[in-house]
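Structure data (mmCIF, C-alpha atoms) from run_22.cif:
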data_data
#
loop_
_atom_site.label_atom_id
_atom_site.label_comp_id
_atom_site.auth_asym_id
_atom_site.auth_seq_id
_atom_site.Cartn_x
_atom_site.Cartn_y
_atom_site.Cartn_z
CA MET A 1 18.87 -11.03 -9.71
CA PRO A 2 19.46 -7.35 -10.50
CA GLU A 3 19.69 -4.83 -7.68
CA MET A 4 17.27 -1.94 -8.10
CA THR A 5 15.22 0.63 -6.26
CA THR A 6 11.51 0.29 -5.68
CA GLY A 7 10.92 2.99 -8.28
CA GLN A 8 12.91 1.02 -10.84
CA ALA A 9 11.11 -2.20 -9.90
CA ILE A 10 7.74 -0.53 -10.42
CA LYS A 11 8.88 0.74 -13.82
CA GLU A 12 9.93 -2.79 -14.79
CA ALA A 13 6.49 -4.04 -13.78
CA LEU A 14 4.78 -1.26 -15.73
CA SER A 15 6.84 -2.13 -18.82
CA LEU A 16 5.84 -5.77 -18.54
CA CYS A 17 2.18 -4.75 -18.27
CA LEU A 18 2.47 -2.60 -21.40
CA ASP A 19 4.33 -5.33 -23.30
CA SER A 20 1.87 -8.06 -22.36
CA ASN A 21 -1.36 -6.31 -23.37
CA ASP A 22 -1.81 -4.06 -26.39
CA THR A 23 -4.88 -2.41 -24.83
CA THR A 24 -2.95 -1.21 -21.82
CA PHE A 25 -2.05 2.46 -21.55
CA MET A 26 -0.94 4.79 -18.78
CA ALA A 27 -2.35 8.22 -18.02
CA GLY A 28 -1.51 10.88 -15.48
CA GLU A 29 -0.05 14.28 -14.82
CA ASP A 30 3.60 14.65 -15.91
CA ILE A 31 4.13 10.90 -16.42
CA GLY A 32 5.43 11.35 -19.97
CA VAL A 33 7.89 14.10 -20.81
CA TYR A 34 8.72 14.77 -17.17
CA GLY A 35 8.94 11.07 -16.25
CA GLY A 36 6.65 11.28 -13.25
CA ALA A 37 6.91 13.32 -10.06
CA PHE A 38 9.18 10.65 -8.57
CA GLY A 39 10.84 9.51 -11.79
CA VAL A 40 9.07 6.15 -11.90
CA THR A 41 7.84 6.50 -15.50
CA ASP A 42 11.01 8.08 -16.87
CA GLY A 43 11.76 6.71 -20.35
CA LEU A 44 8.39 5.04 -20.93
CA LEU A 45 7.16 7.77 -23.28
CA GLU A 46 10.18 7.29 -25.55
CA LYS A 47 9.67 3.53 -25.52
CA TYR A 48 5.89 3.31 -25.99
CA GLY A 49 4.80 6.63 -27.53
CA GLU A 50 2.09 9.16 -26.77
CA GLU A 51 -0.82 6.81 -27.51
CA ARG A 52 0.14 4.59 -24.58
CA ILE A 53 1.81 7.04 -22.19
CA LYS A 54 -0.65 9.90 -21.91
CA ASP A 55 0.22 13.20 -20.22
CA THR A 56 -3.10 14.53 -18.99
CA PRO A 57 -4.50 17.90 -17.92
CA ILE A 58 -4.46 18.67 -14.21
CA SER A 59 -7.79 16.98 -13.55
CA GLU A 60 -7.84 13.82 -11.46
CA ASP A 61 -11.58 13.46 -12.09
CA VAL A 62 -10.87 13.24 -15.83
CA ILE A 63 -7.98 10.80 -15.34
CA ALA A 64 -10.05 8.41 -13.25
CA GLY A 65 -13.10 8.80 -15.50
CA LEU A 66 -10.94 7.98 -18.52
CA ALA A 67 -9.74 4.82 -16.77
CA VAL A 68 -13.26 3.68 -15.88
CA GLY A 69 -14.55 4.17 -19.41
CA ALA A 70 -11.55 2.44 -20.95
CA ALA A 71 -11.71 -0.46 -18.50
CA ILE A 72 -15.37 -1.29 -19.12
CA THR A 73 -14.85 -1.18 -22.90
CA GLY A 74 -11.98 -3.67 -23.07
CA SER A 75 -8.78 -1.85 -22.07
CA LYS A 76 -6.60 -2.37 -19.01
CA PRO A 77 -5.57 1.16 -17.97
CA ILE A 78 -3.01 2.12 -15.33
CA VAL A 79 -3.37 5.68 -14.10
CA GLU A 80 -1.31 7.77 -11.73
CA MET A 81 -2.57 10.35 -9.25
CA GLN A 82 0.97 11.76 -8.71
CA PHE A 83 0.26 12.31 -5.01
CA SER A 84 -2.36 10.03 -3.51
CA ASP A 85 -3.83 13.08 -1.74
CA PHE A 86 -5.11 14.22 -5.14
CA ILE A 87 -7.25 11.10 -5.43
CA VAL A 88 -9.77 13.06 -3.37
CA ASN A 89 -10.59 14.93 -6.58
CA ALA A 90 -11.44 11.63 -8.28
CA MET A 91 -13.66 10.06 -5.64
CA ASP A 92 -16.80 10.01 -7.79
CA PRO A 93 -15.49 7.95 -10.73
CA ILE A 94 -13.54 5.66 -8.40
CA VAL A 95 -16.00 5.18 -5.54
CA ASN A 96 -19.36 5.61 -7.32
CA GLN A 97 -18.44 4.09 -10.70
CA ALA A 98 -15.36 1.85 -10.73
CA ALA A 99 -16.18 0.13 -7.45
CA LYS A 100 -19.84 -0.52 -8.27
CA LEU A 101 -20.30 -1.15 -12.00
CA HIS A 102 -19.55 -4.89 -11.88
CA PHE A 103 -22.26 -5.26 -9.23
CA MET A 104 -24.77 -2.90 -10.84
CA TYR A 105 -24.49 -4.60 -14.25
CA GLY A 106 -24.98 -8.03 -12.74
CA GLY A 107 -21.41 -9.12 -13.49
CA ALA A 108 -21.70 -8.27 -17.19
CA VAL A 109 -18.71 -5.90 -17.01
CA ASN A 110 -15.45 -5.79 -15.11
CA VAL A 111 -13.44 -2.69 -14.30
CA PRO A 112 -9.79 -3.83 -14.50
CA MET A 113 -7.95 -0.61 -13.71
CA VAL A 114 -5.01 0.23 -11.46
CA VAL A 115 -4.84 3.62 -9.75
CA ARG A 116 -1.30 4.37 -8.53
CA GLY A 117 -0.59 7.08 -5.99
CA ALA A 118 2.41 8.25 -3.95
CA SER A 119 1.28 8.21 -0.32
CA GLY A 120 2.56 9.02 3.13
CA ALA A 121 4.84 11.57 4.72
CA GLY A 122 8.52 11.92 5.53
CA THR A 123 9.54 14.22 2.69
CA GLY A 124 8.51 17.58 4.15
CA ALA A 125 5.72 17.90 1.59
CA ALA A 126 3.24 19.23 4.18
CA ALA A 127 -0.44 18.64 4.86
CA GLN A 128 -1.83 18.45 1.29
CA HIS A 129 0.85 16.09 -0.07
CA SER A 130 1.60 13.72 2.83
CA GLN A 131 -1.58 11.91 3.81
CA SER A 132 -2.23 8.22 4.35
CA LEU A 133 -5.77 7.78 3.02
CA GLU A 134 -5.76 4.03 2.47
CA SER A 135 -8.52 3.29 5.00
CA TRP A 136 -10.95 5.47 3.00
CA PHE A 137 -10.84 3.01 0.12
CA CYS A 138 -10.93 -0.10 2.31
CA HIS A 139 -14.39 1.11 3.36
CA VAL A 140 -15.66 0.87 -0.23
CA PRO A 141 -16.96 -2.52 -1.43
CA GLY A 142 -15.61 -3.32 -4.89
CA LEU A 143 -12.15 -1.79 -4.46
CA LYS A 144 -8.95 -3.61 -3.59
CA VAL A 145 -6.22 -1.72 -1.75
CA VAL A 146 -2.55 -2.68 -2.04
CA THR A 147 0.40 -1.22 -0.09
CA PRO A 148 3.88 -2.53 -1.04
CA SER A 149 6.85 -1.98 1.27
CA ASN A 150 9.96 -2.82 -0.79
CA PRO A 151 11.22 -3.34 -4.36
CA GLN A 152 10.34 -7.04 -4.62
CA ASN A 153 6.80 -6.92 -3.32
CA ALA A 154 6.12 -3.70 -5.24
CA TYR A 155 7.03 -5.51 -8.46
CA ASP A 156 5.05 -8.66 -7.59
CA LEU A 157 1.98 -6.86 -6.26
CA LEU A 158 1.73 -4.48 -9.22
CA LEU A 159 1.71 -7.42 -11.62
CA ALA A 160 -0.91 -9.21 -9.50
CA SER A 161 -2.98 -6.02 -9.46
CA PHE A 162 -2.73 -5.76 -13.24
CA VAL A 163 -4.16 -9.24 -13.88
CA ASP A 164 -6.96 -8.78 -11.32
CA PRO A 165 -10.36 -7.96 -12.88
CA ASN A 166 -11.21 -5.42 -10.18
CA PRO A 167 -10.25 -1.76 -9.67
CA ILE A 168 -7.09 -1.55 -7.56
CA ILE A 169 -5.87 1.35 -5.41
CA PHE A 170 -2.09 0.90 -5.38
CA MET A 171 -0.51 3.06 -2.67
CA GLU A 172 3.25 3.59 -3.05
CA HIS A 173 4.81 5.29 -0.02
CA LYS A 174 7.19 8.04 -1.10
CA LEU A 175 9.98 6.79 1.15
CA ILE A 176 10.13 3.34 -0.45
CA TYR A 177 10.94 4.64 -3.95
CA LYS A 178 14.68 4.79 -3.22
CA LEU A 179 14.90 1.58 -1.18
CA LYS A 180 17.22 -0.81 -2.98
CA SER A 181 17.45 -4.60 -3.00
CA ASP A 182 17.81 -7.57 -5.35
CA VAL A 183 14.62 -8.13 -7.34
CA ASN A 184 13.48 -11.31 -9.05
CA LEU A 185 11.87 -9.98 -12.23
CA GLY A 186 9.44 -12.83 -12.66
CA PRO A 187 6.94 -13.25 -15.50
CA MET A 188 3.38 -11.98 -15.56
CA PRO A 189 1.35 -14.12 -13.11
CA SER A 190 -1.57 -16.14 -14.41
CA ASP A 191 -3.87 -14.85 -11.66
CA SER A 192 -4.04 -12.36 -8.82
CA SER A 193 -3.87 -14.87 -5.98
CA ALA A 194 -0.95 -12.92 -4.43
CA LEU A 195 -3.44 -10.23 -3.41
CA GLY A 196 -5.16 -10.64 -0.06
CA LYS A 197 -2.19 -12.38 1.56
CA SER A 198 0.05 -10.98 4.26
CA LYS A 199 3.61 -12.18 4.88
CA VAL A 200 5.62 -13.00 7.98
CA VAL A 201 8.86 -11.09 7.39
CA LYS A 202 10.37 -11.89 10.77
CA GLU A 203 9.42 -14.88 12.88
CA GLY A 204 9.07 -14.67 16.65
CA SER A 205 7.20 -16.05 19.63
CA ASP A 206 6.82 -13.25 22.20
CA ILE A 207 4.83 -10.54 20.42
CA THR A 208 3.21 -9.99 17.02
CA ILE A 209 3.69 -6.67 15.25
CA ALA A 210 1.48 -6.10 12.21
CA SER A 211 2.24 -3.23 9.86
CA TYR A 212 2.13 -2.17 6.22
CA SER A 213 3.74 0.11 3.65
CA ASN A 214 6.91 1.94 4.74
CA MET A 215 6.12 1.48 8.42
CA VAL A 216 7.11 -2.18 7.99
CA ASN A 217 10.66 -1.03 7.31
CA THR A 218 10.61 1.21 10.37
CA VAL A 219 9.37 -1.70 12.49
CA ILE A 220 12.05 -4.07 11.19
CA ASN A 221 14.77 -1.52 11.94
CA ALA A 222 13.33 -0.96 15.43
CA THR A 223 13.43 -4.67 16.25
CA LYS A 224 17.18 -4.65 15.64
CA ASP A 225 17.68 -2.40 18.66
CA GLU A 226 20.05 -4.10 21.09
CA SER A 227 17.78 -3.40 24.04
CA LEU A 228 15.16 -5.72 22.49
CA GLY A 229 17.60 -8.60 22.10
CA LYS A 230 15.93 -10.80 24.71
CA TYR A 231 12.55 -10.65 22.99
CA SER A 232 11.41 -12.84 20.10
CA ILE A 233 9.41 -10.50 17.85
CA GLU A 234 7.22 -11.58 14.93
CA VAL A 235 6.68 -8.97 12.21
CA ILE A 236 3.93 -9.32 9.61
CA ASP A 237 3.63 -7.18 6.47
CA LEU A 238 -0.06 -6.87 5.59
CA LEU A 239 0.69 -6.02 1.91
CA THR A 240 -2.99 -5.96 0.91
CA LEU A 241 -5.38 -3.97 3.09
CA SER A 242 -8.57 -4.90 1.25
CA PRO A 243 -9.09 -7.78 1.33
CA LEU A 244 -7.29 -7.97 4.67
CA ASP A 245 -5.53 -11.20 5.61
CA SER A 246 -6.55 -11.16 9.26
CA GLU A 247 -6.26 -14.96 9.52
CA LYS A 248 -2.47 -14.84 9.46
CA ILE A 249 -2.52 -12.26 12.25
CA ILE A 250 -4.92 -14.41 14.25
CA GLU A 251 -2.66 -17.45 13.88
CA SER A 252 0.34 -15.40 14.97
CA VAL A 253 -1.44 -13.94 18.00
CA GLU A 254 -2.47 -17.43 19.09
CA LYS A 255 1.26 -18.17 19.28
CA THR A 256 2.65 -14.92 20.70
CA LYS A 257 -0.38 -13.87 22.79
CA LYS A 258 0.32 -10.17 22.17
CA LEU A 259 -0.49 -7.81 19.29
CA LEU A 260 0.87 -4.40 18.36
CA VAL A 261 -0.23 -2.69 15.15
CA CYS A 262 2.05 0.04 13.79
CA GLN A 263 0.91 2.48 11.12
CA GLU A 264 1.59 5.99 9.86
CA ALA A 265 -2.09 6.91 9.49
CA PRO A 266 -4.08 8.19 12.49
CA ALA A 267 -5.72 5.46 14.56
CA SER A 268 -9.35 6.54 14.29
CA SER A 269 -11.36 4.40 11.81
CA SER A 270 -8.12 2.94 10.49
CA ILE A 271 -6.59 -0.30 9.27
CA GLY A 272 -5.14 -0.90 12.72
CA SER A 273 -8.45 -0.42 14.51
CA THR A 274 -10.15 -2.78 12.05
CA LEU A 275 -7.47 -5.42 12.48
CA ILE A 276 -7.60 -5.26 16.28
CA SER A 277 -11.40 -5.54 16.14
CA GLU A 278 -11.15 -8.67 13.99
CA VAL A 279 -8.55 -10.24 16.28
CA VAL A 280 -10.47 -9.66 19.52
CA SER A 281 -13.63 -10.98 17.82
CA SER A 282 -11.85 -14.18 16.80
CA ARG A 283 -10.64 -17.35 18.48
CA ALA A 284 -7.37 -15.52 19.26
CA PHE A 285 -9.13 -13.48 21.94
CA LYS A 286 -8.73 -16.23 24.52
CA ALA A 287 -5.01 -16.43 23.80
CA LEU A 288 -4.36 -12.73 24.46
CA THR A 289 -2.63 -11.98 27.74
CA GLN A 290 -3.20 -8.22 27.40
CA ALA A 291 -5.17 -5.80 25.27
CA PRO A 292 -3.84 -5.30 21.72
CA GLU A 293 -2.38 -1.87 21.10
CA ILE A 294 -2.01 0.43 18.13
CA LEU A 295 0.91 2.81 17.57
CA ALA A 296 -0.27 5.30 14.97
CA GLY A 297 0.27 8.76 13.58
CA LEU A 298 -1.14 11.66 15.54
CA HIS A 299 -4.60 12.95 14.63
CA SER A 300 -3.11 16.04 13.02
CA PRO A 301 -2.54 17.57 9.60
CA MET A 302 1.03 16.79 8.55
CA PRO A 303 3.49 19.63 9.24
CA SER A 304 6.31 20.35 6.81
CA ALA A 305 9.08 21.01 9.36
CA LYS A 306 11.13 17.84 9.80
CA HIS A 307 11.20 17.91 13.60
CA LEU A 308 7.41 18.27 13.70
CA GLU A 309 6.80 15.69 10.99
CA THR A 310 8.76 13.06 12.91
CA THR A 311 6.70 13.90 15.98
CA VAL A 312 3.48 13.10 14.14
CA ILE A 313 4.75 9.83 12.60
CA PRO A 314 5.82 6.90 14.82
CA GLN A 315 9.61 6.56 14.79
CA GLU A 316 11.90 3.62 15.59
CA GLU A 317 12.41 4.80 19.16
CA ASP A 318 8.63 4.99 19.66
CA ILE A 319 8.26 1.39 18.53
CA VAL A 320 11.09 0.21 20.78
CA LYS A 321 9.50 1.98 23.76
CA LYS A 322 6.06 0.49 23.04
CA ILE A 323 7.43 -3.05 22.71
CA LYS A 324 9.19 -2.71 26.07
CA GLU A 325 6.00 -1.41 27.68
CA MET A 326 3.95 -4.33 26.38
CA MET A 327 6.54 -6.92 27.34
CA SER A 328 6.85 -5.48 30.85
CA ASN A 329 3.11 -5.86 31.39
CA GLU A 330 3.35 -9.61 31.71
#
Now, as a test, write the supplied structure out as structure tokens.
Amino acid sequence: MPEMTTGQAIKEALSLCLDSNDTTFMAGEDIGVYGGAFGVTDGLLEKYGEERIKDTPISEDVIAGLAVGAAITGSKPIVEMQFSDFIVNAMDPIVNQAAKLHFMYGGAVNVPMVVRGASGAGTGAAAQHSQSLESWFCHVPGLKVVTPSNPQNAYDLLLASFVDPNPIIFMEHKLIYKLKSDVNLGPMPSDSSALGKSKVVKEGSDITIASYSNMVNTVINATKDESLGKYSIEVIDLLTLSPLDSEKIIESVEKTKKLLVCQEAPASSSIGSTLISEVVSSRAFKALTQAPEILAGLHSPMPSAKHLETTVIPQEEDIVKKIKEMMSNE
């Protein structure tokens, strides 16, 4: 298996999508000549040409509208929002059109489009380029929301998103682009069954920690702290936020009897609050020995200064401290 970064793995997946379907094209700001804001699409213009790698005007509304129209007329577009914050400018075609047309036309049309966006903070890009807006789209029936955390699952999940007949919001955290690992460059899947499934990335029996996107990597690093050596910690990567695989979390909580959700986004009306609600409403409620907790980003616009940014986002030491607090409450 070749070793590659997440950015390179995504590019490999994009190439496979373009090779496998002649109707597939990509569109977005600076994805062609410039190679994308984070270099993910570098070289694709030279390989596939301007008809399939389309540099667009600075209009996210146009980009998303183009994708919707192409998708319902037989194409399989993949579009990039550059920064996921800019998806706000495309809410009408995504939320009012892409998410609803299959339903409104009685199933006569599908809208097989993938909307990629670089999400999250940690790069000093400040309040308008650092948001975690994934829960907005989980609230919309008809959309699927996918959040990879490393090179392998970014590759696998992008291919699964491509073969899915629904519109997909594919959130790529900026800090995972340079993560490097061996990647199995498998073939195009026959279906999208990989979506909607979470994964246990570390098995344990004392406490369950559920997370997603780059925060999974922060959690895994935190659990390696020597002061946590006496605890058996289970870590689950949600991978897909809509549909949410709450059943795997429920099964884990029945075993560990404790739940901590870690996320970069603020806690209010979030993935973590939804997950905790589903767990305490399930059969796992009787197994809990204490109230589930959520460790989330502060309810604040993201500052650009590094020392302030790290204050807003949960860090490894914050996770270590919270685990100790929960374990001491027994």
Name the residues in contact with Ala98 in chain A at a cut-off of 10 Å, using all atoms listed in the file, excluding same-chain residues fewer than 6 positions from it; report them as a list in words.
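Skipping anything fewer than 6 positions along the chain leaves Ala64, Gly65, Ala67, Val68, Gly69, Ala71, Ile72, Met91, Asp92, Asn110, Val111, Pro112, Met113, Gly142, Leu143, Asn166, Pro167 and Ile168 of chain A.
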C-alpha atoms of the current selection, written as an mmCIF file, keeping the file's coordinate frame:
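Listed below is the output, out18.cif:
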data_model
loop_
_atom_site.group_PDB
_atom_site.id
_atom_site.type_symbol
_atom_site.label_atom_id
_atom_site.label_comp_id
_atom_site.auth_asym_id
_atom_site.auth_seq_id
_atom_site.Cartn_x
_atom_site.Cartn_y
_atom_site.Cartn_z
ATOM 1 C CA ALA A 64 -10.050 8.410 -13.250
ATOM 2 C CA GLY A 65 -13.100 8.800 -15.500
ATOM 3 C CA ALA A 67 -9.740 4.820 -16.770
ATOM 4 C CA VAL A 68 -13.260 3.680 -15.880
ATOM 5 C CA GLY A 69 -14.550 4.170 -19.410
ATOM 6 C CA ALA A 71 -11.710 -0.460 -18.500
ATOM 7 C CA ILE A 72 -15.370 -1.290 -19.120
ATOM 8 C CA MET A 91 -13.660 10.060 -5.640
ATOM 9 C CA ASP A 92 -16.800 10.010 -7.790
ATOM 10 C CA ASN A 110 -15.450 -5.790 -15.110
ATOM 11 C CA VAL A 111 -13.440 -2.690 -14.300
ATOM 12 C CA PRO A 112 -9.790 -3.830 -14.500
ATOM 13 C CA MET A 113 -7.950 -0.610 -13.710
ATOM 14 C CA GLY A 142 -15.610 -3.320 -4.890
ATOM 15 C CA LEU A 143 -12.150 -1.790 -4.460
ATOM 16 C CA ASN A 166 -11.210 -5.420 -10.180
ATOM 17 C CA PRO A 167 -10.250 -1.760 -9.670
ATOM 18 C CA ILE A 168 -7.090 -1.550 -7.560
#
For the point (0.2, -7.9, 34.5) in the file's frame, write as a PyMOL selection string all residues with an atom no more than 12 Å away, counting only C-alpha atoms.
chain A and resi 289-291+325-330
Could you list the residues chosen by the PyMOL selection byres ((chain A and resi 284) around 10) in this structure as a PyMOL selection string?
chain A and resi 247+249-255+257-258+278-283+285-288
Minimum-distance residue to Val40 in chain A, chosen among A:Asp318, A:Asp245, A:Glu12, A:Asp206 (using only C-alpha atoms):
A:Glu12
Applying the PyMOL selection byres ((chain A and resi 213) around 12) to the file I just gave you, which residues come out? Please list them as an NGL selection string.
:A and (118-121 or 132 or 134 or 145-151 or 153-154 or 170-177 or 198 or 210-212 or 214-220 or 236-241 or 262-265 or 271)
Mind dumping the selected residues with C-alpha atoms as a PDB file, in the frame of the given file?
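Output saved as result_36.pdb:
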ATOM      1  CA  ALA A 118       2.410   8.250  -3.950  1.00  0.00           C
ATOM      2  CA  SER A 119       1.280   8.210  -0.320  1.00  0.00           C
ATOM      3  CA  GLY A 120       2.560   9.020   3.130  1.00  0.00           C
ATOM      4  CA  ALA A 121       4.840  11.570   4.720  1.00  0.00           C
ATOM      5  CA  SER A 132      -2.230   8.220   4.350  1.00  0.00           C
ATOM      6  CA  GLU A 134      -5.760   4.030   2.470  1.00  0.00           C
ATOM      7  CA  VAL A 145      -6.220  -1.720  -1.750  1.00  0.00           C
ATOM      8  CA  VAL A 146      -2.550  -2.680  -2.040  1.00  0.00           C
ATOM      9  CA  THR A 147       0.400  -1.220  -0.090  1.00  0.00           C
ATOM     10  CA  PRO A 148       3.880  -2.530  -1.040  1.00  0.00           C
ATOM     11  CA  SER A 149       6.850  -1.980   1.270  1.00  0.00           C
ATOM     12  CA  ASN A 150       9.960  -2.820  -0.790  1.00  0.00           C
ATOM     13  CA  PRO A 151      11.220  -3.340  -4.360  1.00  0.00           C
ATOM     14  CA  ASN A 153       6.800  -6.920  -3.320  1.00  0.00           C
ATOM     15  CA  ALA A 154       6.120  -3.700  -5.240  1.00  0.00           C
ATOM     16  CA  PHE A 170      -2.090   0.900  -5.380  1.00  0.00           C
ATOM     17  CA  MET A 171      -0.510   3.060  -2.670  1.00  0.00           C
ATOM     18  CA  GLU A 172       3.250   3.590  -3.050  1.00  0.00           C
ATOM     19  CA  HIS A 173       4.810   5.290  -0.020  1.00  0.00           C
ATOM     20  CA  LYS A 174       7.190   8.040  -1.100  1.00  0.00           C
ATOM     21  CA  LEU A 175       9.980   6.790   1.150  1.00  0.00           C
ATOM     22  CA  ILE A 176      10.130   3.340  -0.450  1.00  0.00           C
ATOM     23  CA  TYR A 177      10.940   4.640  -3.950  1.00  0.00           C
ATOM     24  CA  SER A 198       0.050 -10.980   4.260  1.00  0.00           C
ATOM     25  CA  ALA A 210       1.480  -6.100  12.210  1.00  0.00           C
ATOM     26  CA  SER A 211       2.240  -3.230   9.860  1.00  0.00           C
ATOM     27  CA  TYR A 212       2.130  -2.170   6.220  1.00  0.00           C
ATOM     28  CA  ASN A 214       6.910   1.940   4.740  1.00  0.00           C
ATOM     29  CA  MET A 215       6.120   1.480   8.420  1.00  0.00           C
ATOM     30  CA  VAL A 216       7.110  -2.180   7.990  1.00  0.00           C
ATOM     31  CA  ASN A 217      10.660  -1.030   7.310  1.00  0.00           C
ATOM     32  CA  THR A 218      10.610   1.210  10.370  1.00  0.00           C
ATOM     33  CA  VAL A 219       9.370  -1.700  12.490  1.00  0.00           C
ATOM     34  CA  ILE A 220      12.050  -4.070  11.190  1.00  0.00           C
ATOM     35  CA  ILE A 236       3.930  -9.320   9.610  1.00  0.00           C
ATOM     36  CA  ASP A 237       3.630  -7.180   6.470  1.00  0.00           C
ATOM     37  CA  LEU A 238      -0.060  -6.870   5.590  1.00  0.00           C
ATOM     38  CA  LEU A 239       0.690  -6.020   1.910  1.00  0.00           C
ATOM     39  CA  THR A 240      -2.990  -5.960   0.910  1.00  0.00           C
ATOM     40  CA  LEU A 241      -5.380  -3.970   3.090  1.00  0.00           C
ATOM     41  CA  CYS A 262       2.050   0.040  13.790  1.00  0.00           C
ATOM     42  CA  GLN A 263       0.910   2.480  11.120  1.00  0.00           C
ATOM     43  CA  GLU A 264       1.590   5.990   9.860  1.00  0.00           C
ATOM     44  CA  ALA A 265      -2.090   6.910   9.490  1.00  0.00           C
ATOM     45  CA  ILE A 271      -6.590  -0.300   9.270  1.00  0.00           C
TER      46      ILE A 271
END
Long-range neighbours of Val115 in chain A as a list of chain:residue names, 6 Å cut-off, all atoms listed in the file, 5 positions minimum in chain:
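So the residues in contact are A:Val79, A:Glu80, A:Ile169, A:Phe170.
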Only C-alpha atoms, please: the residues just picked out, written as a PDB file, in the frame of the given file.
ATOM      1  CA  VAL A  79      -3.370   5.680 -14.100  1.00  0.00           C
ATOM      2  CA  GLU A  80      -1.310   7.770 -11.730  1.00  0.00           C
ATOM      3  CA  ILE A 169      -5.870   1.350  -5.410  1.00  0.00           C
ATOM      4  CA  PHE A 170      -2.090   0.900  -5.380  1.00  0.00           C
TER       5      PHE A 170
END
Evaluate the PyMOL selection byres ((chain A and resi 298-315) around 9) on the structure here and hand back the selected residues as a PyMOL selection string.
chain A and resi 121-131+215+218-219+222+262-268+295-297+316-320
Grab the residues selected above and save them as a PDB file, in the coordinates of the input with C-alpha atoms.
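The result, written out as selection28.pdb:
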ATOM      1  CA  ALA A 121       4.840  11.570   4.720  1.00  0.00           C
ATOM      2  CA  GLY A 122       8.520  11.920   5.530  1.00  0.00           C
ATOM      3  CA  THR A 123       9.540  14.220   2.690  1.00  0.00           C
ATOM      4  CA  GLY A 124       8.510  17.580   4.150  1.00  0.00           C
ATOM      5  CA  ALA A 125       5.720  17.900   1.590  1.00  0.00           C
ATOM      6  CA  ALA A 126       3.240  19.230   4.180  1.00  0.00           C
ATOM      7  CA  ALA A 127      -0.440  18.640   4.860  1.00  0.00           C
ATOM      8  CA  GLN A 128      -1.830  18.450   1.290  1.00  0.00           C
ATOM      9  CA  HIS A 129       0.850  16.090  -0.070  1.00  0.00           C
ATOM     10  CA  SER A 130       1.600  13.720   2.830  1.00  0.00           C
ATOM     11  CA  GLN A 131      -1.580  11.910   3.810  1.00  0.00           C
ATOM     12  CA  MET A 215       6.120   1.480   8.420  1.00  0.00           C
ATOM     13  CA  THR A 218      10.610   1.210  10.370  1.00  0.00           C
ATOM     14  CA  VAL A 219       9.370  -1.700  12.490  1.00  0.00           C
ATOM     15  CA  ALA A 222      13.330  -0.960  15.430  1.00  0.00           C
ATOM     16  CA  CYS A 262       2.050   0.040  13.790  1.00  0.00           C
ATOM     17  CA  GLN A 263       0.910   2.480  11.120  1.00  0.00           C
ATOM     18  CA  GLU A 264       1.590   5.990   9.860  1.00  0.00           C
ATOM     19  CA  ALA A 265      -2.090   6.910   9.490  1.00  0.00           C
ATOM     20  CA  PRO A 266      -4.080   8.190  12.490  1.00  0.00           C
ATOM     21  CA  ALA A 267      -5.720   5.460  14.560  1.00  0.00           C
ATOM     22  CA  SER A 268      -9.350   6.540  14.290  1.00  0.00           C
ATOM     23  CA  LEU A 295       0.910   2.810  17.570  1.00  0.00           C
ATOM     24  CA  ALA A 296      -0.270   5.300  14.970  1.00  0.00           C
ATOM     25  CA  GLY A 297       0.270   8.760  13.580  1.00  0.00           C
ATOM     26  CA  GLU A 316      11.900   3.620  15.590  1.00  0.00           C
ATOM     27  CA  GLU A 317      12.410   4.800  19.160  1.00  0.00           C
ATOM     28  CA  ASP A 318       8.630   4.990  19.660  1.00  0.00           C
ATOM     29  CA  ILE A 319       8.260   1.390  18.530  1.00  0.00           C
ATOM     30  CA  VAL A 320      11.090   0.210  20.780  1.00  0.00           C
TER      31      VAL A 320
END
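The interatomic distance for the pair CA of Ser75 in chain A and CA of Thr24 in chain A works out to 5.9 Å.
Pairwise distance (CA of Ala160 in chain A, CA of Pro189 in chain A) equals 6.5 Å.
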